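Taking it in order: structure first as structure tokens, then the write-up.
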Amino acid sequence: MITLMDNCAAQSELLTDNSELRRQVELIVTTMPVIDVHTHVFPPAFDGMFLQGIDELLTYHYLIAETFRSTDLSHEKFWLMTKTERADLVWRTLFVENTPLSEAACGIVCVLDVFGLDPRSPDLAEARAFFSTQERHEHLDRVLQIAGVSDVVMTNDPFHEREVLLWNGAGHNNPRFHASLRLDALLNEWPEAMQTLTRQGLRIDAALDDSTVAELRRFLDGWITRMQPLYMAVSLPAEFKFPDSDVRDRLIREVVLPTAREHSLSLALMIGVHRGVNPALRSAGDGMGRADVRALERMCEENPDLKFLATFLSRENQHELCVSARKFNNLMPFGCWWFLNNPSIVSEITRERLELLGPSFIPQHSDARVLEQLIYKWRHARSIIGSSLYESYERLLQNGRAVTRQEIARDVERMFSGNFRSWVGLPPESSLRNRERGS
Ligand code: FIX
Ligand code: ZN
């Protein structure tokens, strides 16, 4: 029988055998709970925004973009179809008439396999029958448990009409779901945002005079009180400059950064997206571009008392981001965002981050939109992070220092939750305590 003493001894035993080292790294990485720091997943209480099931999975914008590479159906005809018809087309095109080789398609196969459903089925009857009979809360618990996700950070938009109604209504009290206050509409669509805010009764002047700045600060203060966000976030185009001479620069300097300072909130910058490069693809039509990392460096330099989370969409910006993080300890790189969330690229990014930053970064986020995506996105992420980490430990061993299980668990916990918790001030046992209070 393994006694506590044996277990402690085992925990601090030096792992000098490569295969045992790999086994322990894989075991720890696959079982360590993770905080998913950026998603578009909502709790069941957010009726209409809580997405789950095979039709939502198959009409994910990644798969829509891929379907159009293998069908000559017009975009117009596609968007006239019902969601069920679209899901049927995606399934037939990518999973029946072709082999589901892409990361997003392979992910669907992973989810079906986990629930014992046939990934070679000619149609979706079996899958629809299964997912339509799942009780939402039980299914949520099961998916979070399978994915090993302890906490989910949502993307909450104070300009999204449905979401505003939900927050002004009952909101939600699921302790595993945390808010982030999304500022895209305010910073990237100022003319439209002004109209929305004016309709909501705010006195807004296009010239951004002092009273408008104060009004906008009150607007954000109000949403921070309602949402209790862990951070504020914005996605920015590849052309983003800081400093700049546009209204976005003033909104950042006079509204967003002072608000972050007053509420001790981190600001997450997601840089490098080109929205709507092909509008015919709607939500699947966004592209990317290489950005100027110096803009981020200058923001970190000018605001040493503020904390920044950052991710870039371009592969060419990843090494620069690592180097910027070596220069600014108020900068936390996170995730392999969107078009980078593919095994070969996640592996490359994770290894260069380990080599340049040690365990001082947040390796991944899922960006999930549909609940069950958490399963494949974290299963794939854990396997790649595990092999990258094993390589680092194996190299350390070759250089003369073995590690213990305890040290591996410490490093993985730090990367999977600790770095984020300390960055945004989320106390360790917070979700547990709330959970005991009952959701
Ligand atoms: O800006 C974002 O948060 C992006 O992640 C989304 O806009 C994008 O559509 C997405 O889902 C990427 O995975
Ligand atoms: Zn996102």
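We name chains A, B, ... following the order of the structure tokens; residues begin at 1 in each chain, and ligands are numbered from 1 as shown.
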
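For ligand 2, the set of protein, DNA and RNA residues within 7 Å, based on only C-alpha atoms and all ligand atoms, reads His38, Thr39, His40 and Asp367 of chain A.
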
Output all heavy atoms for every residue in the selection just made, as a compact mmCIF listing (two decimals), in the first residue's frame.
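The resulting file, again_6.txt, is shown below:
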```txt
# COMPACT_ATOMS: atom_id res chain seq x y z
N HIS A 38 -9.70 33.08 -22.11
CA HIS A 38 -10.45 33.81 -23.14
C HIS A 38 -11.34 32.86 -23.94
O HIS A 38 -10.84 32.00 -24.66
CB HIS A 38 -9.53 34.55 -24.10
CG HIS A 38 -10.27 35.15 -25.26
ND1 HIS A 38 -11.13 36.21 -25.15
CD2 HIS A 38 -10.32 34.80 -26.58
CE1 HIS A 38 -11.67 36.49 -26.33
NE2 HIS A 38 -11.19 35.64 -27.22
N THR A 39 -12.64 33.02 -23.78
CA THR A 39 -13.61 32.22 -24.53
C THR A 39 -14.77 33.11 -24.94
O THR A 39 -14.87 34.25 -24.51
CB THR A 39 -14.22 31.08 -23.67
OG1 THR A 39 -15.22 31.65 -22.80
CG2 THR A 39 -13.18 30.35 -22.85
N HIS A 40 -15.65 32.54 -25.77
CA HIS A 40 -16.91 33.19 -26.12
C HIS A 40 -18.04 32.26 -25.69
O HIS A 40 -19.09 32.21 -26.32
CB HIS A 40 -16.97 33.47 -27.62
CG HIS A 40 -15.85 34.34 -28.11
ND1 HIS A 40 -15.92 35.70 -28.20
CD2 HIS A 40 -14.59 34.01 -28.49
CE1 HIS A 40 -14.76 36.18 -28.64
NE2 HIS A 40 -13.93 35.17 -28.82
N ASP A 367 -10.64 30.09 -26.88
CA ASP A 367 -11.45 30.90 -27.77
C ASP A 367 -12.72 30.15 -28.18
O ASP A 367 -13.36 30.46 -29.18
CB ASP A 367 -10.69 31.29 -29.04
CG ASP A 367 -10.74 32.81 -29.28
OD1 ASP A 367 -11.81 33.38 -29.07
OD2 ASP A 367 -9.71 33.38 -29.62
```

> If we count only C-alpha atoms, what is near His172 of chain A at a cut-off of 7 Å, once residues fewer than 2 positions away on the same chain are taken out, given as a PyMOL selection string?
Replying inline: chain A and resi 45+170+174

Compute the set of protein, DNA and RNA residues whose minimum atom distance to ligand 1 is at most 8 Å, using only C-alpha atoms and all ligand atoms, and state it as an mmCIF file with N, CA and C atoms, in the first residue's frame.
```
data_model
loop_
_atom_site.group_PDB
_atom_site.id
_atom_site.type_symbol
_atom_site.label_atom_id
_atom_site.label_comp_id
_atom_site.auth_asym_id
_atom_site.auth_seq_id
_atom_site.Cartn_x
_atom_site.Cartn_y
_atom_site.Cartn_z
ATOM 1 N N HIS A 38 -9.702 33.078 -22.114
ATOM 2 C CA HIS A 38 -10.450 33.810 -23.142
ATOM 3 C C HIS A 38 -11.338 32.861 -23.943
ATOM 4 N N THR A 39 -12.638 33.018 -23.782
ATOM 5 C CA THR A 39 -13.607 32.216 -24.530
ATOM 6 C C THR A 39 -14.771 33.112 -24.941
ATOM 7 N N HIS A 40 -15.650 32.544 -25.770
ATOM 8 C CA HIS A 40 -16.914 33.192 -26.117
ATOM 9 C C HIS A 40 -18.042 32.262 -25.689
ATOM 10 N N HIS A 61 -17.514 29.173 -37.212
ATOM 11 C CA HIS A 61 -17.025 29.899 -38.394
ATOM 12 C C HIS A 61 -15.748 29.313 -38.984
ATOM 13 N N TYR A 62 -14.918 28.640 -38.176
ATOM 14 C CA TYR A 62 -13.737 27.971 -38.736
ATOM 15 C C TYR A 62 -14.159 26.962 -39.813
ATOM 16 N N THR A 155 -16.390 36.503 -22.857
ATOM 17 C CA THR A 155 -16.160 37.779 -23.538
ATOM 18 C C THR A 155 -17.483 38.520 -23.489
ATOM 19 N N VAL A 234 -9.638 44.140 -25.613
ATOM 20 C CA VAL A 234 -9.973 44.695 -26.929
ATOM 21 C C VAL A 234 -9.163 43.964 -27.984
ATOM 22 N N SER A 235 -9.777 43.699 -29.139
ATOM 23 C CA SER A 235 -8.995 43.196 -30.269
ATOM 24 C C SER A 235 -8.699 44.396 -31.159
ATOM 25 N N MET A 270 -5.515 42.103 -27.931
ATOM 26 C CA MET A 270 -5.474 41.007 -28.907
ATOM 27 C C MET A 270 -5.260 41.679 -30.260
ATOM 28 N N VAL A 273 -5.883 41.524 -36.048
ATOM 29 C CA VAL A 273 -7.035 41.042 -36.818
ATOM 30 C C VAL A 273 -7.443 42.050 -37.892
ATOM 31 N N SER A 283 -19.187 35.988 -40.198
ATOM 32 C CA SER A 283 -18.264 35.812 -39.050
ATOM 33 C C SER A 283 -17.046 34.973 -39.426
ATOM 34 N N ALA A 284 -17.115 34.303 -40.553
ATOM 35 C CA ALA A 284 -15.965 33.496 -41.001
ATOM 36 C C ALA A 284 -15.060 34.309 -41.922
ATOM 37 N N ASP A 286 -13.127 37.086 -41.265
ATOM 38 C CA ASP A 286 -12.021 37.889 -40.725
ATOM 39 C C ASP A 286 -10.674 37.309 -41.132
ATOM 40 N N TRP A 337 -3.574 32.443 -30.462
ATOM 41 C CA TRP A 337 -4.901 32.939 -30.832
ATOM 42 C C TRP A 337 -5.359 32.515 -32.226
ATOM 43 N N TRP A 338 -6.565 31.925 -32.359
ATOM 44 C CA TRP A 338 -7.323 31.806 -33.605
ATOM 45 C C TRP A 338 -6.562 31.042 -34.689
ATOM 46 N N PHE A 339 -6.004 31.722 -35.720
ATOM 47 C CA PHE A 339 -5.330 31.050 -36.823
ATOM 48 C C PHE A 339 -3.990 30.442 -36.385
ATOM 49 N N SER A 366 -8.780 28.784 -25.182
ATOM 50 C CA SER A 366 -9.501 28.007 -26.196
ATOM 51 C C SER A 366 -10.190 28.892 -27.244
ATOM 52 N N ASP A 367 -10.642 30.091 -26.878
ATOM 53 C CA ASP A 367 -11.454 30.901 -27.772
ATOM 54 C C ASP A 367 -12.724 30.150 -28.175
ATOM 55 N N ALA A 368 -13.123 29.161 -27.365
ATOM 56 C CA ALA A 368 -14.308 28.364 -27.685
ATOM 57 C C ALA A 368 -15.541 29.244 -27.775
ATOM 58 N N ARG A 369 -16.447 28.865 -28.697
ATOM 59 C CA ARG A 369 -17.735 29.550 -28.838
ATOM 60 C C ARG A 369 -18.865 28.586 -28.475
#
```

Taking 3 positions as the minimum chain separation for residues in the same chain, which residues sit within 10 Å of Asp305 of chain A when counting only C-alpha atoms? Answer as an mmCIF file with C-alpha atoms, in the first residue's frame.
```cif
data_model
loop_
_atom_site.group_PDB
_atom_site.id
_atom_site.type_symbol
_atom_site.label_atom_id
_atom_site.label_comp_id
_atom_site.auth_asym_id
_atom_site.auth_seq_id
_atom_site.Cartn_x
_atom_site.Cartn_y
_atom_site.Cartn_z
ATOM 1 C CA ARG A 261 -5.884 52.150 -12.973
ATOM 2 C CA SER A 264 -6.799 47.751 -10.704
ATOM 3 C CA CYS A 300 3.735 48.987 -21.182
ATOM 4 C CA GLU A 301 6.552 51.536 -20.865
ATOM 5 C CA GLU A 302 4.231 54.529 -20.374
ATOM 6 C CA PHE A 308 -1.238 44.021 -19.734
ATOM 7 C CA ASN A 330 3.926 44.204 -16.620
#
```

Can you check which parts of segment 225-323 of chain A lie within 12 Å of segment 354-358 of chain A? Per residue, the shortest pair of atoms and distance in Å to one decimal, counting only C-alpha atoms, sorted by chain and number, as JSON lines.
```
{"residue": "A:Gln318", "atom": "CA", "partner": "A:Leu356", "partner_atom": "CA", "distance": 11.3}
{"residue": "A:His319", "atom": "CA", "partner": "A:Leu356", "partner_atom": "CA", "distance": 8.9}
{"residue": "A:Glu320", "atom": "CA", "partner": "A:Leu356", "partner_atom": "CA", "distance": 10.7}
{"residue": "A:Leu321", "atom": "CA", "partner": "A:Leu356", "partner_atom": "CA", "distance": 10.3}
{"residue": "A:Cys322", "atom": "CA", "partner": "A:Leu356", "partner_atom": "CA", "distance": 6.5}
{"residue": "A:Val323", "atom": "CA", "partner": "A:Leu356", "partner_atom": "CA", "distance": 7.4}
```

I need the chosen residues saved as a PDB file, in the first residue's frame, with all heavy atoms.
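part-v6.pdb was written with the following content:
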```
ATOM      1  N   GLN A 318       5.239  36.481 -32.919  1.00  0.00           N
ATOM      2  CA  GLN A 318       5.352  35.696 -31.680  1.00  0.00           C
ATOM      3  C   GLN A 318       6.704  35.856 -30.999  1.00  0.00           C
ATOM      4  O   GLN A 318       6.781  36.030 -29.780  1.00  0.00           O
ATOM      5  CB  GLN A 318       5.050  34.224 -31.969  1.00  0.00           C
ATOM      6  CG  GLN A 318       3.683  33.994 -32.567  1.00  0.00           C
ATOM      7  CD  GLN A 318       2.548  34.644 -31.792  1.00  0.00           C
ATOM      8  OE1 GLN A 318       2.523  34.577 -30.568  1.00  0.00           O
ATOM      9  NE2 GLN A 318       1.646  35.328 -32.496  1.00  0.00           N
ATOM     10  N   HIS A 319       7.793  35.807 -31.784  1.00  0.00           N
ATOM     11  CA  HIS A 319       9.127  35.929 -31.185  1.00  0.00           C
ATOM     12  C   HIS A 319       9.289  37.324 -30.587  1.00  0.00           C
ATOM     13  O   HIS A 319       9.778  37.493 -29.470  1.00  0.00           O
ATOM     14  CB  HIS A 319      10.192  35.657 -32.257  1.00  0.00           C
ATOM     15  CG  HIS A 319      11.580  35.577 -31.710  1.00  0.00           C
ATOM     16  ND1 HIS A 319      12.572  36.460 -32.084  1.00  0.00           N
ATOM     17  CD2 HIS A 319      12.139  34.745 -30.807  1.00  0.00           C
ATOM     18  CE1 HIS A 319      13.683  36.167 -31.428  1.00  0.00           C
ATOM     19  NE2 HIS A 319      13.449  35.138 -30.644  1.00  0.00           N
ATOM     20  N   GLU A 320       8.798  38.338 -31.336  1.00  0.00           N
ATOM     21  CA  GLU A 320       8.876  39.728 -30.833  1.00  0.00           C
ATOM     22  C   GLU A 320       8.137  39.853 -29.499  1.00  0.00           C
ATOM     23  O   GLU A 320       8.613  40.524 -28.577  1.00  0.00           O
ATOM     24  CB  GLU A 320       8.265  40.687 -31.852  1.00  0.00           C
ATOM     25  CG  GLU A 320       8.983  40.773 -33.189  1.00  0.00           C
ATOM     26  CD  GLU A 320       8.106  41.529 -34.193  1.00  0.00           C
ATOM     27  OE1 GLU A 320       7.253  40.880 -34.805  1.00  0.00           O
ATOM     28  OE2 GLU A 320       8.270  42.752 -34.327  1.00  0.00           O
ATOM     29  N   LEU A 321       6.967  39.212 -29.407  1.00  0.00           N
ATOM     30  CA  LEU A 321       6.196  39.302 -28.156  1.00  0.00           C
ATOM     31  C   LEU A 321       6.972  38.711 -26.991  1.00  0.00           C
ATOM     32  O   LEU A 321       7.014  39.270 -25.896  1.00  0.00           O
ATOM     33  CB  LEU A 321       4.845  38.597 -28.303  1.00  0.00           C
ATOM     34  CG  LEU A 321       3.994  38.474 -27.038  1.00  0.00           C
ATOM     35  CD1 LEU A 321       3.652  39.842 -26.454  1.00  0.00           C
ATOM     36  CD2 LEU A 321       2.716  37.672 -27.313  1.00  0.00           C
ATOM     37  N   CYS A 322       7.669  37.593 -27.254  1.00  0.00           N
ATOM     38  CA  CYS A 322       8.476  36.978 -26.192  1.00  0.00           C
ATOM     39  C   CYS A 322       9.551  37.959 -25.732  1.00  0.00           C
ATOM     40  O   CYS A 322       9.770  38.160 -24.532  1.00  0.00           O
ATOM     41  CB  CYS A 322       9.158  35.710 -26.694  1.00  0.00           C
ATOM     42  SG  CYS A 322       8.050  34.333 -26.970  1.00  0.00           S
ATOM     43  N   VAL A 323      10.196  38.597 -26.687  1.00  0.00           N
ATOM     44  CA  VAL A 323      11.282  39.521 -26.330  1.00  0.00           C
ATOM     45  C   VAL A 323      10.720  40.742 -25.598  1.00  0.00           C
ATOM     46  O   VAL A 323      11.261  41.187 -24.587  1.00  0.00           O
ATOM     47  CB  VAL A 323      12.086  39.929 -27.586  1.00  0.00           C
ATOM     48  CG1 VAL A 323      13.132  40.994 -27.243  1.00  0.00           C
ATOM     49  CG2 VAL A 323      12.739  38.698 -28.228  1.00  0.00           C
TER      50      VAL A 323
END
```

> Would you give me, as JSON, numbers by chain, the residues in segment 64-182 of chain A that DSSP reads as helix (DSSP H, G or I)?
Replying inline: {"A": [64, 65, 66, 67, 75, 76, 77, 78, 79, 80, 83, 84, 85, 86, 87, 88, 89, 90, 91, 92, 93, 94, 95, 96, 103, 104, 105, 106, 107, 108, 109, 110, 111, 112, 113, 114, 125, 126, 127, 128, 129, 130, 131, 132, 136, 137, 138, 139, 140, 141, 142, 143, 144, 145, 146, 147, 161, 162, 163, 164, 165, 166, 167, 168]}

>> Applying 8 Å and only C-alpha atoms, which residues near segment 377-394 of chain A remain after dropping the ones on its own chain fewer than 6 positions away? List them as a ChimeraX atom specification.
In response: /A:18,21-22,25-26,29-30,107,147-148,343,346-347,350-351,354-355,363-364,366,368,402-403

Kindly save the residues from that selection, with N, CA and C atoms included, as a PDB file, in the first residue's frame.
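Below you can see out.pdb, which holds the result:
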```pdb
ATOM      1  N   ASN A  18      14.238   9.049 -18.763  1.00  0.00           N
ATOM      2  CA  ASN A  18      13.459   9.838 -19.738  1.00  0.00           C
ATOM      3  C   ASN A  18      12.023   9.352 -19.891  1.00  0.00           C
ATOM      4  N   LEU A  21      10.098  10.293 -16.919  1.00  0.00           N
ATOM      5  CA  LEU A  21       9.940  11.756 -16.939  1.00  0.00           C
ATOM      6  C   LEU A  21       8.795  12.117 -17.883  1.00  0.00           C
ATOM      7  N   ARG A  22       8.807  11.540 -19.100  1.00  0.00           N
ATOM      8  CA  ARG A  22       7.745  11.840 -20.076  1.00  0.00           C
ATOM      9  C   ARG A  22       6.396  11.413 -19.510  1.00  0.00           C
ATOM     10  N   VAL A  25       5.266  13.946 -16.906  1.00  0.00           N
ATOM     11  CA  VAL A  25       4.865  15.230 -17.497  1.00  0.00           C
ATOM     12  C   VAL A  25       3.482  15.088 -18.124  1.00  0.00           C
ATOM     13  N   GLU A  26       3.287  14.015 -18.886  1.00  0.00           N
ATOM     14  CA  GLU A  26       1.981  13.805 -19.540  1.00  0.00           C
ATOM     15  C   GLU A  26       0.873  13.663 -18.500  1.00  0.00           C
ATOM     16  N   VAL A  29       0.232  17.147 -16.926  1.00  0.00           N
ATOM     17  CA  VAL A  29      -0.349  18.108 -17.869  1.00  0.00           C
ATOM     18  C   VAL A  29      -1.786  17.723 -18.243  1.00  0.00           C
ATOM     19  N   THR A  30      -2.074  16.429 -18.332  1.00  0.00           N
ATOM     20  CA  THR A  30      -3.442  16.039 -18.728  1.00  0.00           C
ATOM     21  C   THR A  30      -4.427  16.127 -17.577  1.00  0.00           C
ATOM     22  N   GLY A 107     -11.198  18.214 -34.543  1.00  0.00           N
ATOM     23  CA  GLY A 107     -11.780  18.509 -33.230  1.00  0.00           C
ATOM     24  C   GLY A 107     -13.186  17.950 -33.084  1.00  0.00           C
ATOM     25  N   ALA A 147     -12.897  18.261 -19.971  1.00  0.00           N
ATOM     26  CA  ALA A 147     -11.867  19.164 -20.495  1.00  0.00           C
ATOM     27  C   ALA A 147     -10.865  19.576 -19.407  1.00  0.00           C
ATOM     28  N   GLY A 148     -11.244  19.344 -18.128  1.00  0.00           N
ATOM     29  CA  GLY A 148     -10.358  19.742 -17.035  1.00  0.00           C
ATOM     30  C   GLY A 148     -10.299  21.257 -16.875  1.00  0.00           C
ATOM     31  N   PRO A 343      -1.791  22.619 -34.105  1.00  0.00           N
ATOM     32  CA  PRO A 343      -0.709  21.891 -33.387  1.00  0.00           C
ATOM     33  C   PRO A 343       0.713  22.303 -33.766  1.00  0.00           C
ATOM     34  N   VAL A 346       1.250  25.908 -32.405  1.00  0.00           N
ATOM     35  CA  VAL A 346       1.213  25.959 -30.928  1.00  0.00           C
ATOM     36  C   VAL A 346       2.505  25.372 -30.370  1.00  0.00           C
ATOM     37  N   SER A 347       2.974  24.296 -30.994  1.00  0.00           N
ATOM     38  CA  SER A 347       4.217  23.666 -30.537  1.00  0.00           C
ATOM     39  C   SER A 347       5.388  24.635 -30.678  1.00  0.00           C
ATOM     40  N   THR A 350       4.967  27.580 -28.142  1.00  0.00           N
ATOM     41  CA  THR A 350       5.152  27.152 -26.751  1.00  0.00           C
ATOM     42  C   THR A 350       6.625  26.883 -26.453  1.00  0.00           C
ATOM     43  N   ARG A 351       7.330  26.283 -27.379  1.00  0.00           N
ATOM     44  CA  ARG A 351       8.745  25.981 -27.144  1.00  0.00           C
ATOM     45  C   ARG A 351       9.581  27.254 -27.101  1.00  0.00           C
ATOM     46  N   LEU A 354       8.918  28.900 -23.766  1.00  0.00           N
ATOM     47  CA  LEU A 354       9.612  28.228 -22.654  1.00  0.00           C
ATOM     48  C   LEU A 354      11.095  28.595 -22.673  1.00  0.00           C
ATOM     49  N   GLU A 355      11.665  28.652 -23.881  1.00  0.00           N
ATOM     50  CA  GLU A 355      13.102  28.950 -23.992  1.00  0.00           C
ATOM     51  C   GLU A 355      13.413  30.406 -23.610  1.00  0.00           C
ATOM     52  N   PRO A 363       0.127  29.631 -21.551  1.00  0.00           N
ATOM     53  CA  PRO A 363       0.359  28.973 -22.851  1.00  0.00           C
ATOM     54  C   PRO A 363      -0.831  28.962 -23.809  1.00  0.00           C
ATOM     55  N   GLN A 364      -2.042  28.861 -23.308  1.00  0.00           N
ATOM     56  CA  GLN A 364      -3.151  28.715 -24.243  1.00  0.00           C
ATOM     57  C   GLN A 364      -4.467  29.234 -23.680  1.00  0.00           C
ATOM     58  N   SER A 366      -8.780  28.784 -25.182  1.00  0.00           N
ATOM     59  CA  SER A 366      -9.501  28.007 -26.196  1.00  0.00           C
ATOM     60  C   SER A 366     -10.190  28.892 -27.244  1.00  0.00           C
ATOM     61  N   ALA A 368     -13.123  29.161 -27.365  1.00  0.00           N
ATOM     62  CA  ALA A 368     -14.308  28.364 -27.685  1.00  0.00           C
ATOM     63  C   ALA A 368     -15.541  29.244 -27.775  1.00  0.00           C
ATOM     64  N   ALA A 402      18.089  17.181 -12.736  1.00  0.00           N
ATOM     65  CA  ALA A 402      16.821  16.448 -12.851  1.00  0.00           C
ATOM     66  C   ALA A 402      15.732  17.240 -12.127  1.00  0.00           C
ATOM     67  N   VAL A 403      14.463  16.967 -12.475  1.00  0.00           N
ATOM     68  CA  VAL A 403      13.360  17.619 -11.768  1.00  0.00           C
ATOM     69  C   VAL A 403      12.565  16.571 -10.999  1.00  0.00           C
TER      70      VAL A 403
END
```
